Number of protein chains: 4
Amino acid sequence: MAISHKIINDPVHGFVHIPKDLIGTLVEHRFFQRLRRIKQLGLTEFVYPGALHTRFHHAIGAMHLMQLALNTLKEKGQAISHQEYKAALAAILLHDIGHTAFSHALENTLLTQTHHEQLSLLLMQRLNEELKGKLDLALAIFQDQYERRFFHQLVSSQLDMDRMDYLKRDCFFTGVSEGTIGSDRIIKMLDVENDTLVVEEKGIYSIEHFLNARRLMYWQVYLHKTTVSTEQMLIQIIKRARELTVEGKELFATPALAFFLGHTLTLEHFIANPDALEHFIALDDFDIWSSIKVWASNPDKTLAQLCRMLLNRQLFKVEWRNEPPTTELLAKKEELLDDFLKKNKIPYQQRHYFITQGKVSNAAYLPHHSSIFILKKDLSLQDITEASDLPHLKALSQVVTKYYLSYAK
Amino acid sequence: MAISHKIINDPVHGFVHIPKDLIGTLVEHRFFQRLRRIKQLGLTEFVYPGALHTRFHHAIGAMHLMQLALNTLKEKGQAISHQEYKAALAAILLHDIGHTAFSHALENTLLTQTHHEQLSLLLMQRLNEELKGKLDLALAIFQDQYERRFFHQLVSSQLDMDRMDYLKRDCFFTGVSEGTIGSDRIIKMLDVENDTLVVEEKGIYSIEHFLNARRLMYWQVYLHKTTVSTEQMLIQIIKRARELTVEGKELFATPALAFFLGHTLTLEHFIANPDALEHFIALDDFDIWSSIKVWASNPDKTLAQLCRMLLNRQLFKVEWRNEPPTTELLAKKEELLDDFLKKNKIPYQQRHYFITQGKVSNAAYLPHHSSIFILKKDLSLQDITEASDLPHLKALSQVVTKYYLSYAK
Amino acid sequence: MAISHKIINDPVHGFVHIPKDLIGTLVEHRFFQRLRRIKQLGLTEFVYPGALHTRFHHAIGAMHLMQLALNTLKEKGQAISHQEYKAALAAILLHDIGHTAFSHALENTLLTQTHHEQLSLLLMQRLNEELKGKLDLALAIFQDQYERRFFHQLVSSQLDMDRMDYLKRDCFFTGVSEGTIGSDRIIKMLDVENDTLVVEEKGIYSIEHFLNARRLMYWQVYLHKTTVSTEQMLIQIIKRARELTVEGKELFATPALAFFLGHTLTLEHFIANPDALEHFIALDDFDIWSSIKVWASNPDKTLAQLCRMLLNRQLFKVEWRNEPPTTELLAKKEELLDDFLKKNKIPYQQRHYFITQGKVSNAAYLPHHSSIFILKKDLSLQDITEASDLPHLKALSQVVTKYYLSYAK
Amino acid sequence: MAISHKIINDPVHGFVHIPKDLIGTLVEHRFFQRLRRIKQLGLTEFVYPGALHTRFHHAIGAMHLMQLALNTLKEKGQAISHQEYKAALAAILLHDIGHTAFSHALENTLLTQTHHEQLSLLLMQRLNEELKGKLDLALAIFQDQYERRFFHQLVSSQLDMDRMDYLKRDCFFTGVSEGTIGSDRIIKMLDVENDTLVVEEKGIYSIEHFLNARRLMYWQVYLHKTTVSTEQMLIQIIKRARELTVEGKELFATPALAFFLGHTLTLEHFIANPDALEHFIALDDFDIWSSIKVWASNPDKTLAQLCRMLLNRQLFKVEWRNEPPTTELLAKKEELLDDFLKKNKIPYQQRHYFITQGKVSNAAYLPHHSSIFILKKDLSLQDITEASDLPHLKALSQVVTKYYLSYAK
């Protein structure tokens, strides 16, 4: 029997069906609706102005691809019950529900003691209580506790529907058209062998291309200089705002943001304190931006300067290096800040807000870590790096690390 | 000599060039950067979740199409000086700079005494002062005071680069793919005759299609039930917030929003009071949404209810009619609100916040109002409704009016 | 139980599934494989060089859309048996199987006594004999003899899957991007009421747009000047080749083409004479072009000149008029041919091969002729021209006729 | 002064401008118009039914990309004269003019003593004579005899406009969407240093992606099993037809094909014998296909069988191996042909027409062979395999060889 559904227009995938049962209920829930107010790519819009898509849209897109993947597996003869189908959809829909505004940037400053995956789990558990256990199986799949492990692999692995959707979606909205992956083709090539998700052998070139596209997106988009720069600026802003809060200075903020500026919370706090979770639910990109706009005229010159610079796109310069910067180099760069600090009347001891360093690293594929398996014609499984006809994929599995130095000028 | 430029990646048009002279300066100006924080389609994302693009992106896209149009005209032998070229680019770039957050909705409630076109002009004049007259010609073009009138027509007419961009962009981000217009083809068909913008005769089918696509977008997107519903809800929220402000109730708000909740400003106020303009510059979608989130737990039950409903997408129902609703019908609908009011403890005399009515109208083309002229082979000009081979376009020029009734349930 | 299928990559629709049962058998049949050698748009490639797609590809695409349409109807609760499903797919797949090379052009010269629809039916009947009655229901649907008439309407009506596919496909391959129709959206809006195919009321704007896009394609592509010109030239070539054959001149030709140059066949001939049908099956675009290339050096100056002109794209000029040309005009145009005839040593009495006239007409929609019905909310049906909110669609239903005059120069 | 031009609609690149001077003359020439009748991807349509695009369309597309590339270089300050501009366009337009029908397949059977590049040069020289030396510079560029070597590199190198166009075009028409390359981005990154074509350092990821996409297309399209199979079948057909011709059997053929079946020509023959070149110009895909259709009922059972199989898509089976097949394996496979031969009454000594073997190899990038150079910030040049941050590209430069065995069944 066909399940009644709602149809959403997705410029990336076309028409997307939202079944009106459990999935529809989850989509309408305020925990999920808040994802409308969290951009998928944070501050990337400063370099790719179209990159304004939200985690809401991404989660629904990933759920759509899960439908396609499960339908393909069923066509190939895998028995998938209606319960399993629903649970897999719910699990992918909620897989990132614990993300906060500008997630990675703020995890490093506001939510230093909790990880978004812990919060995703916590929110799923709360939903499960509300829904009287209807998410039991989804939770098992999400936590990789269900014996048919391919469901978890479709939710979270190196070939999961999360990656399939975000690569395609990020490409579409940034306009980096060559990053387009053949998600349709890859999904058609999926199969299950011994409860493990596998790819048919003839799909090997599509997988290679998928891993390459991911690598391209990393360096072209996710770790783009301007993205690194704006993220560093945001981090400095929040750090300064917290410092001022700790010093007892009055700062404009929405109640939710004020709460996080004033507290350092562990997972246990979130579990014990319903208010904390409510504030978490209330916090999104809008709180941050509306506060930054007000802070731009704060009497604290450091905070105000950082906010004005970000708002008006006067960004930190970023330099990449293959090695960490030496102490001498850092000292030299700090010296060069002098003019900037004087011109903007920033006290010298606060210069560290205007220069940051760090590293980023990326490997397009990590073997031995939820591997991508190729199903050979003799039905044996092989890690893709073994199955490919050249050292190419081994190369992709090498971790590349780069060091950045980022500063005002 | 080639002008140095910056390149932006636009998923709609591909690479867009921003000349580094005047245009680059304008793009970097805080007046323009604020457009990053104003969505082009306001609340349309509630029905088309991809429709998150901003007025910033649109203005740059329209400037790009202006480049293409001017290049075509030059190739056809029209003399266009470097000054005129720059001025036309500046004029289209700034044509909507006076829009505020959720422009149309808030014009009806927050800025009842000023129109966004007046504010666009005012901001352009302020920029011209800063830039010591560099925008003189752009201002003349914008105000249709320049004798070569086709420049103004490219900025503002029924075939302007504004429409070309927004139709194409809105299509792209909503995913309503059949609305795609042949902007490239239309631009290739443009010419100038007696300083009037004209279309070559063989372009007539493209123009017809363009007008049809616009009609489609009106009914499918801009006047979609859900868009009307969410806009009405936002209007009620702002009305209630103003009422509470007038009554002296304390309301959370960003300083900019607080200013507009507490004042009713005419253009003269904006001219006379620099603070008013600063607040205007500071106000965008972020102020509204972050306040709505806080208001959702306001002690005023009406305000809180409206905010919660909008945040969690429990939307007003919308009914369309070809005639305005009769008094009897309205009375009947108000009666039906009773249960809703009781359940949510809303006082009966505030029921009018939960039911609204109005009308929308649209004509795909208005003859005699900055007409679209076809250039016949004998070099005479003809209004497109005369040039077409069937009553079709005359039909498109008929005004269609619909009446809505929108209410909580 | 899932039917095993083959997957084809279609740049227009993405992956297309070909069920391996009856449908797979039909696709592999030589009657169907010959469609690989017949272009969908004949000589249109002379103006749109990408328009090289074949009737093979189109028929498969239409079958794919039929799958989508039937799946939608099933989701909406229409009972469709496996037999009906297969029959509808077979009927659309074979609906144009009786087309010959450059169909319309050659129907007027080579196959003057039979219509391609008669031949489609004849070929389907032959296939049905081979397949021992497996196409009985498909034939009933094709001939509108099945009581559930919506199946026939999906195969052949003003909203059939044939049109849906060819509009989308012709757009794609010509690059006339604005002709793109929302086939996905329209298909989602289909329903059945009293065994009649209907469109949900909210789909009205999509239908309007679809009819408009069809009108655009008519004038921009199908009846493009260059298409008319090349088609007229091809007709003159075949006419001259037949005349020479009748005169007993030896002419290079493939056996199939030679057969048709030497005979005038009625449907009865095809039924009675298996050879005629074999020659029909053997004839395609390749016979015509390879003969034209050889004829380009034929001693008959008229034939050779026409062939050289077509091969090297020295095309007839085309003039459009709203009225048929007068005798005076024709006389004047013939006079102008004098130089051309002398230069190329063409006898004066053969001038009529180098000047032709005729008319084309088109209406985007024909009411009262397999109407498109809108399903109102009260479940009544209304012709779309009645349901629309403006005289627009009535306008589209007006027949537009144009007269061309086409001649060498 | 703007050059007048003709506009062509290209579904891949949009509007393409054909300057009306030299380039327009070349496009209209019968040497070039013949490319309309030669498919770019030969028999690939048997697996990707959309892949029907021609060498005509590709050559024009490559010329379009050359315009973009030269415009970019001019914007970056490279002096490029009008003569050089035209010559580069002419050189890329004509770079493949010497291809014959099903080029690679027939080079191995019909034109065994001449290479298509020799014929391209010969045809360009003939054109230059006709045009009284107007192609002198184009010829110098084509032959890499012009001192500003980057012009040649844009025509023919590992980063030439030929590859840019064919990858993008082949992707588009096959529907292998993930093969899409960022040609716009790559072209924007081009520059010239010491008359050598270079890529800006930040373009390195786009180049990597381009090389990867090329590798994907090789294995997914150009060397697809079905492509190999159909090509082998075509080769056997032509071989058999030549053998029968040598034996003096009468065979239907167009005059041009008959000429090549009966002669083995060296470049010297083509130079000395104008008829040979005329026959070459006359020969295209249409001659081959129309003859194959007739041969399908030839009394020679081998020829007829091969033709029928290809026409009706009963293709040779293909097996890939990493090693060449052993003698034992071959003997075993030949034995398996027995049933096939008997059933189709093919004499045993002609079994070799129904089983073939060979190898294909591919490297995505060949260093030291017209390298792709990266322009470092210190203005030094580096081979891309040195500049990249991981062994990845070195991996891509490894030659991959596969052995196929292909036979009837």
# chains A, B, ... in the order shown; residues from 1 in each chain; ligands from 1
call {"tool": "select_by_dssp", "arguments": {"residues": "range 315-364 of chain D", "states": "helix (DSSP H, G or I)", "output": "list in words"}}
result
Thr327, Glu328, Leu329, Leu330, Ala331, Lys332, Lys333, Glu334, Glu335, Leu336, Asp338, Asp339, Phe340, Leu341, Lys342, Lys343, Tyr348, Gln349, Gln350, Arg351, His352, Tyr353 and Phe354 of chain D
call {"tool": "interface_residues", "arguments": {"of": "chain A", "to": "chain D", "cutoff": "10 Å", "atoms": "only C-alpha atoms", "output": "VMD selection string"}}
result
chain A and resid 176 to 185 202 to 206 208 to 210 212 to 213 215 to 220 322 389 to 402
call {"tool": "write_last_selection", "arguments": {"atoms": "C-alpha atoms", "output": "short mmCIF file (atom, residue, chain, number, x, y, z; two decimals), in the first residue's frame"}}
result
data_model
loop_
_atom_site.label_atom_id
_atom_site.label_comp_id
_atom_site.auth_asym_id
_atom_site.auth_seq_id
_atom_site.Cartn_x
_atom_site.Cartn_y
_atom_site.Cartn_z
CA VAL A 176 31.65 24.65 -8.53
CA SER A 177 30.07 22.57 -11.24
CA GLU A 178 32.90 20.17 -11.84
CA GLY A 179 32.44 18.75 -8.35
CA THR A 180 29.20 17.08 -9.45
CA ILE A 181 29.13 13.44 -8.49
CA GLY A 182 27.20 10.65 -10.14
CA SER A 183 25.09 9.88 -7.09
CA ASP A 184 22.44 8.19 -9.22
CA ARG A 185 25.01 5.91 -10.79
CA LYS A 202 31.83 -1.99 -12.60
CA GLY A 203 31.14 0.96 -10.30
CA ILE A 204 34.79 1.37 -9.42
CA TYR A 205 35.41 4.36 -11.69
CA SER A 206 32.40 6.16 -10.29
CA GLU A 208 37.15 6.92 -7.76
CA HIS A 209 35.50 9.94 -9.27
CA PHE A 210 33.41 10.47 -6.16
CA ASN A 212 38.27 12.82 -6.27
CA ALA A 213 35.33 15.18 -6.33
CA ARG A 215 39.02 16.05 -2.52
CA LEU A 216 38.36 18.87 -4.98
CA MET A 217 35.59 20.24 -2.81
CA TYR A 218 37.80 20.14 0.26
CA TRP A 219 40.47 22.35 -1.18
CA GLN A 220 38.28 24.44 -3.43
CA ASN A 322 53.44 22.89 4.37
CA ASP A 389 43.92 -0.79 -11.34
CA LEU A 390 46.49 1.74 -10.30
CA PRO A 391 48.12 3.27 -7.21
CA HIS A 392 45.86 6.24 -7.71
CA LEU A 393 43.45 5.41 -4.91
CA LYS A 394 46.22 4.56 -2.53
CA ALA A 395 47.43 8.06 -3.24
CA LEU A 396 44.02 9.45 -2.37
CA SER A 397 44.21 7.77 1.00
CA GLN A 398 47.27 9.72 2.01
CA VAL A 399 46.54 12.42 4.59
CA VAL A 400 47.42 15.90 3.37
CA THR A 401 48.10 18.49 6.06
CA LYS A 402 48.46 22.23 5.57
#
call {"tool": "residues_around", "arguments": {"residues": "Arg148 in chain D", "least_positions_apart": "6", "cutoff": "9 Å", "atoms": "only C-alpha atoms", "output": "number ranges by chain"}}
result
D: 141, 194-196
call {"tool": "write_last_selection", "arguments": {"atoms": "N, CA and C atoms", "output": "short mmCIF file (atom, residue, chain, number, x, y, z; two decimals), in the first residue's frame"}}
result
data_model
loop_
_atom_site.label_atom_id
_atom_site.label_comp_id
_atom_site.auth_asym_id
_atom_site.auth_seq_id
_atom_site.Cartn_x
_atom_site.Cartn_y
_atom_site.Cartn_z
N ILE D 141 51.16 27.31 -36.82
CA ILE D 141 50.72 26.98 -35.45
C ILE D 141 50.41 25.49 -35.35
N ASN D 194 57.01 32.94 -20.85
CA ASN D 194 58.04 32.54 -21.84
C ASN D 194 57.42 31.78 -23.01
N ASP D 195 56.37 32.30 -23.54
CA ASP D 195 55.68 31.69 -24.69
C ASP D 195 55.18 30.27 -24.42
N THR D 196 55.14 29.88 -23.16
CA THR D 196 54.64 28.55 -22.81
C THR D 196 53.29 28.71 -22.11
#
call {"tool": "residues_around", "arguments": {"residues": "range 323-330 of chain C", "least_positions_apart": "6", "cutoff": "8 Å", "atoms": "only C-alpha atoms", "output": "list of chain:residue names"}}
result
C:Gly358, C:Lys359, C:Lys402, C:Tyr403, C:Tyr404, C:Leu405
call {"tool": "write_last_selection", "arguments": {"atoms": "N, CA and C atoms", "output": "PDB file, in the first residue's frame"}}
result
ATOM      1  N   GLY C 358       4.191  27.185 -50.105  1.00  0.00           N
ATOM      2  CA  GLY C 358       3.289  26.354 -49.319  1.00  0.00           C
ATOM      3  C   GLY C 358       2.890  27.095 -48.065  1.00  0.00           C
ATOM      4  N   LYS C 359       2.194  26.395 -47.171  1.00  0.00           N
ATOM      5  CA  LYS C 359       1.805  27.054 -45.928  1.00  0.00           C
ATOM      6  C   LYS C 359       2.032  26.092 -44.759  1.00  0.00           C
ATOM      7  N   LYS C 402       0.904  30.508 -41.728  1.00  0.00           N
ATOM      8  CA  LYS C 402       1.879  31.356 -42.429  1.00  0.00           C
ATOM      9  C   LYS C 402       2.181  30.727 -43.782  1.00  0.00           C
ATOM     10  N   TYR C 403       2.483  31.585 -44.740  1.00  0.00           N
ATOM     11  CA  TYR C 403       2.784  31.138 -46.100  1.00  0.00           C
ATOM     12  C   TYR C 403       4.259  31.371 -46.394  1.00  0.00           C
ATOM     13  N   TYR C 404       4.894  30.365 -46.947  1.00  0.00           N
ATOM     14  CA  TYR C 404       6.308  30.572 -47.281  1.00  0.00           C
ATOM     15  C   TYR C 404       6.505  30.512 -48.784  1.00  0.00           C
ATOM     16  N   LEU C 405       7.560  31.167 -49.193  1.00  0.00           N
ATOM     17  CA  LEU C 405       8.009  31.131 -50.567  1.00  0.00           C
ATOM     18  C   LEU C 405       9.497  30.859 -50.429  1.00  0.00           C
TER      19      LEU C 405
END
call {"tool": "closest_residue", "arguments": {"among": "D:Ile38, D:Met66, D:Leu257, D:Ile186", "to": "Leu52 in chain C", "atoms": "only C-alpha atoms"}}
result
D:Ile38
call {"tool": "residues_around", "arguments": {"residues": "Asp339 in chain C", "least_positions_apart": "6", "cutoff": "12 Å", "atoms": "only C-alpha atoms", "output": "PyMOL selection string"}}
result
chain C and resi 333+345-348+351+408-409
call {"tool": "write_last_selection", "arguments": {"atoms": "N, CA and C atoms", "output": "short mmCIF file (atom, residue, chain, number, x, y, z; two decimals), in the first residue's frame"}}
result
data_model
loop_
_atom_site.label_atom_id
_atom_site.label_comp_id
_atom_site.auth_asym_id
_atom_site.auth_seq_id
_atom_site.Cartn_x
_atom_site.Cartn_y
_atom_site.Cartn_z
N LYS C 333 9.34 36.48 -58.93
CA LYS C 333 10.39 35.67 -58.27
C LYS C 333 11.00 34.70 -59.28
N LYS C 345 23.49 26.39 -65.69
CA LYS C 345 23.12 25.62 -66.89
C LYS C 345 21.92 24.72 -66.67
N ILE C 346 20.95 25.23 -65.94
CA ILE C 346 19.71 24.49 -65.71
C ILE C 346 18.71 24.91 -66.78
N PRO C 347 18.07 23.95 -67.46
CA PRO C 347 17.08 24.35 -68.46
C PRO C 347 15.95 25.14 -67.82
N TYR C 348 15.44 26.12 -68.54
CA TYR C 348 14.43 27.01 -68.00
C TYR C 348 13.19 26.25 -67.53
N ARG C 351 12.88 25.21 -63.92
CA ARG C 351 13.00 26.23 -62.86
C ARG C 351 12.13 25.90 -61.65
N ALA C 408 15.93 29.23 -54.77
CA ALA C 408 17.38 29.30 -54.88
C ALA C 408 17.80 30.73 -55.20
N LYS C 409 19.03 31.02 -54.92
CA LYS C 409 19.52 32.37 -55.29
C LYS C 409 21.02 32.31 -55.52
#
call {"tool": "residues_around", "arguments": {"residues": "range 224-233 of chain D", "least_positions_apart": "6", "cutoff": "12 Å", "atoms": "only C-alpha atoms", "output": "short mmCIF file (atom, residue, chain, number, x, y, z; two decimals) with N, CA and C atoms, in the first residue's frame"}}
result
data_model
loop_
_atom_site.label_atom_id
_atom_site.label_comp_id
_atom_site.auth_asym_id
_atom_site.auth_seq_id
_atom_site.Cartn_x
_atom_site.Cartn_y
_atom_site.Cartn_z
N LYS A 202 31.81 -2.95 -11.50
CA LYS A 202 31.83 -1.99 -12.60
C LYS A 202 31.62 -0.54 -12.12
N TYR A 205 34.99 3.06 -11.19
CA TYR A 205 35.41 4.36 -11.69
C TYR A 205 34.54 5.48 -11.13
N LEU D 41 31.91 10.03 -31.85
CA LEU D 41 32.20 8.84 -31.05
C LEU D 41 31.85 7.55 -31.77
N GLY D 42 31.83 7.59 -33.09
CA GLY D 42 31.64 6.37 -33.88
C GLY D 42 30.49 5.53 -33.39
N LEU D 43 30.78 4.35 -32.91
CA LEU D 43 29.74 3.38 -32.58
C LEU D 43 29.30 3.44 -31.12
N THR D 44 29.77 4.45 -30.40
CA THR D 44 29.43 4.56 -28.98
C THR D 44 27.92 4.68 -28.76
N GLU D 45 27.21 5.13 -29.78
CA GLU D 45 25.75 5.25 -29.64
C GLU D 45 25.10 3.90 -29.31
N PHE D 46 25.81 2.80 -29.57
CA PHE D 46 25.23 1.50 -29.23
C PHE D 46 25.15 1.29 -27.72
N VAL D 47 25.95 2.03 -26.97
CA VAL D 47 25.81 1.92 -25.51
C VAL D 47 25.23 3.19 -24.91
N TYR D 48 25.57 4.36 -25.46
CA TYR D 48 25.01 5.62 -24.99
C TYR D 48 24.19 6.22 -26.14
N PRO D 49 22.90 5.99 -26.19
CA PRO D 49 22.15 6.35 -27.40
C PRO D 49 22.13 7.84 -27.71
N ALA D 51 24.81 9.67 -27.85
CA ALA D 51 26.15 10.07 -28.32
C ALA D 51 26.22 10.14 -29.84
N PHE D 102 34.25 6.74 -38.82
CA PHE D 102 34.68 5.76 -37.79
C PHE D 102 36.20 5.71 -37.71
N SER D 103 36.77 6.87 -37.54
CA SER D 103 38.19 7.05 -37.85
C SER D 103 39.12 5.93 -37.41
N HIS D 104 39.14 5.62 -36.12
CA HIS D 104 40.17 4.69 -35.66
C HIS D 104 39.93 3.29 -36.24
N ALA D 105 38.68 2.87 -36.24
CA ALA D 105 38.37 1.55 -36.78
C ALA D 105 38.82 1.44 -38.23
N LEU D 106 38.51 2.46 -39.02
CA LEU D 106 38.81 2.34 -40.44
C LEU D 106 40.26 2.63 -40.78
N GLU D 107 40.93 3.39 -39.92
CA GLU D 107 42.37 3.55 -40.12
C GLU D 107 43.08 2.20 -40.11
N ASN D 108 42.52 1.28 -39.34
CA ASN D 108 43.15 -0.03 -39.22
C ASN D 108 42.82 -0.97 -40.36
N THR D 109 41.91 -0.57 -41.25
CA THR D 109 41.48 -1.51 -42.29
C THR D 109 41.46 -0.87 -43.67
N LEU D 216 38.12 8.83 -16.17
CA LEU D 216 36.77 8.25 -16.03
C LEU D 216 36.15 8.03 -17.39
N MET D 217 36.23 9.02 -18.26
CA MET D 217 35.61 8.91 -19.58
C MET D 217 36.26 7.80 -20.39
N TYR D 218 37.56 7.62 -20.23
CA TYR D 218 38.21 6.55 -20.98
C TYR D 218 37.59 5.21 -20.66
N LYS D 239 37.06 -5.77 -43.29
CA LYS D 239 38.08 -6.73 -43.73
C LYS D 239 37.47 -7.75 -44.70
N ARG D 240 36.32 -8.26 -44.35
CA ARG D 240 35.68 -9.26 -45.20
C ARG D 240 35.27 -8.64 -46.54
N ILE D 292 26.46 -1.53 -45.31
CA ILE D 292 26.26 -2.63 -44.35
C ILE D 292 24.83 -3.15 -44.42
N THR D 302 29.50 -15.08 -44.25
CA THR D 302 30.28 -14.40 -43.21
C THR D 302 29.96 -12.91 -43.18
N LEU D 303 30.05 -12.28 -44.36
CA LEU D 303 29.75 -10.85 -44.43
C LEU D 303 28.32 -10.57 -43.97
N GLN D 305 26.32 -12.29 -42.11
CA GLN D 305 26.11 -12.56 -40.69
C GLN D 305 26.64 -11.40 -39.82
N LEU D 306 27.85 -10.97 -40.13
CA LEU D 306 28.44 -9.87 -39.36
C LEU D 306 27.57 -8.62 -39.48
N CYS D 307 27.11 -8.33 -40.67
CA CYS D 307 26.31 -7.12 -40.86
C CYS D 307 24.98 -7.21 -40.12
N ARG D 308 24.33 -8.36 -40.25
CA ARG D 308 23.05 -8.50 -39.54
C ARG D 308 23.23 -8.36 -38.04
N MET D 309 24.30 -8.96 -37.54
CA MET D 309 24.53 -8.88 -36.10
C MET D 309 24.73 -7.43 -35.64
N LEU D 310 25.51 -6.68 -36.39
CA LEU D 310 25.76 -5.29 -35.98
C LEU D 310 24.47 -4.47 -36.09
N LEU D 311 23.76 -4.65 -37.19
CA LEU D 311 22.54 -3.87 -37.40
C LEU D 311 21.51 -4.12 -36.30
N ASN D 312 21.39 -5.35 -35.90
CA ASN D 312 20.36 -5.70 -34.93
C ASN D 312 20.89 -5.84 -33.52
N ARG D 313 22.13 -5.33 -33.35
CA ARG D 313 22.71 -5.22 -32.01
C ARG D 313 22.88 -6.57 -31.31
N GLN D 314 23.23 -7.59 -32.08
CA GLN D 314 23.64 -8.86 -31.45
C GLN D 314 25.15 -8.84 -31.43
N LEU D 315 25.68 -8.35 -30.33
CA LEU D 315 27.08 -7.95 -30.33
C LEU D 315 28.02 -9.05 -29.84
N PHE D 316 29.27 -8.94 -30.27
CA PHE D 316 30.32 -9.81 -29.73
C PHE D 316 30.38 -9.63 -28.21
N LYS D 317 30.65 -10.72 -27.55
CA LYS D 317 30.92 -10.64 -26.11
C LYS D 317 32.37 -10.16 -25.93
N VAL D 318 32.61 -9.38 -24.89
CA VAL D 318 33.98 -8.89 -24.63
C VAL D 318 34.43 -9.33 -23.24
N GLU D 319 35.63 -9.87 -23.14
CA GLU D 319 36.24 -10.19 -21.85
C GLU D 319 37.52 -9.39 -21.68
N TRP D 320 37.67 -8.81 -20.51
CA TRP D 320 38.88 -8.05 -20.20
C TRP D 320 39.83 -8.92 -19.40
N HIS D 352 37.90 -16.95 -37.79
CA HIS D 352 38.68 -15.81 -37.25
C HIS D 352 37.96 -14.47 -37.40
N TYR D 353 36.94 -14.42 -38.28
CA TYR D 353 36.16 -13.18 -38.35
C TYR D 353 35.28 -12.99 -37.11
N PHE D 354 35.15 -14.03 -36.34
CA PHE D 354 34.19 -13.97 -35.24
C PHE D 354 34.87 -14.01 -33.87
N ILE D 355 36.18 -13.91 -33.88
CA ILE D 355 36.89 -13.82 -32.61
C ILE D 355 38.11 -12.93 -32.83
N THR D 356 38.24 -11.92 -31.99
CA THR D 356 39.39 -11.02 -32.13
C THR D 356 39.96 -10.75 -30.75
N GLN D 357 41.20 -10.33 -30.75
CA GLN D 357 41.81 -9.95 -29.48
C GLN D 357 42.67 -8.72 -29.70
N GLY D 358 43.05 -8.08 -28.62
CA GLY D 358 43.89 -6.90 -28.73
C GLY D 358 44.08 -6.28 -27.37
N LYS D 359 44.68 -5.10 -27.35
CA LYS D 359 44.87 -4.44 -26.07
C LYS D 359 44.55 -2.96 -26.20
N VAL D 360 44.19 -2.35 -25.11
CA VAL D 360 44.02 -0.90 -25.08
C VAL D 360 44.80 -0.41 -23.89
N LYS D 402 45.01 -2.97 -20.74
CA LYS D 402 44.08 -4.08 -20.58
C LYS D 402 43.99 -4.86 -21.89
N TYR D 403 43.76 -6.15 -21.78
CA TYR D 403 43.67 -7.01 -22.95
C TYR D 403 42.23 -7.48 -23.12
N TYR D 404 41.73 -7.38 -24.34
CA TYR D 404 40.36 -7.86 -24.53
C TYR D 404 40.35 -9.06 -25.47
N LEU D 405 39.32 -9.84 -25.28
CA LEU D 405 39.05 -10.97 -26.15
C LEU D 405 37.58 -10.80 -26.49
N SER D 406 37.28 -10.84 -27.77
CA SER D 406 35.93 -10.47 -28.21
C SER D 406 35.46 -11.50 -29.23
N TYR D 407 34.26 -12.02 -29.05
CA TYR D 407 33.83 -13.12 -29.93
C TYR D 407 32.30 -13.23 -30.00
N ALA D 408 31.86 -13.82 -31.09
CA ALA D 408 30.43 -14.04 -31.28
C ALA D 408 29.97 -15.17 -30.37
#
call {"tool": "atom_distance", "arguments": {"atom1": "CA of Ser157 in chain D", "atom2": "CA of Thr385 in chain D"}}
result
15.8 Å
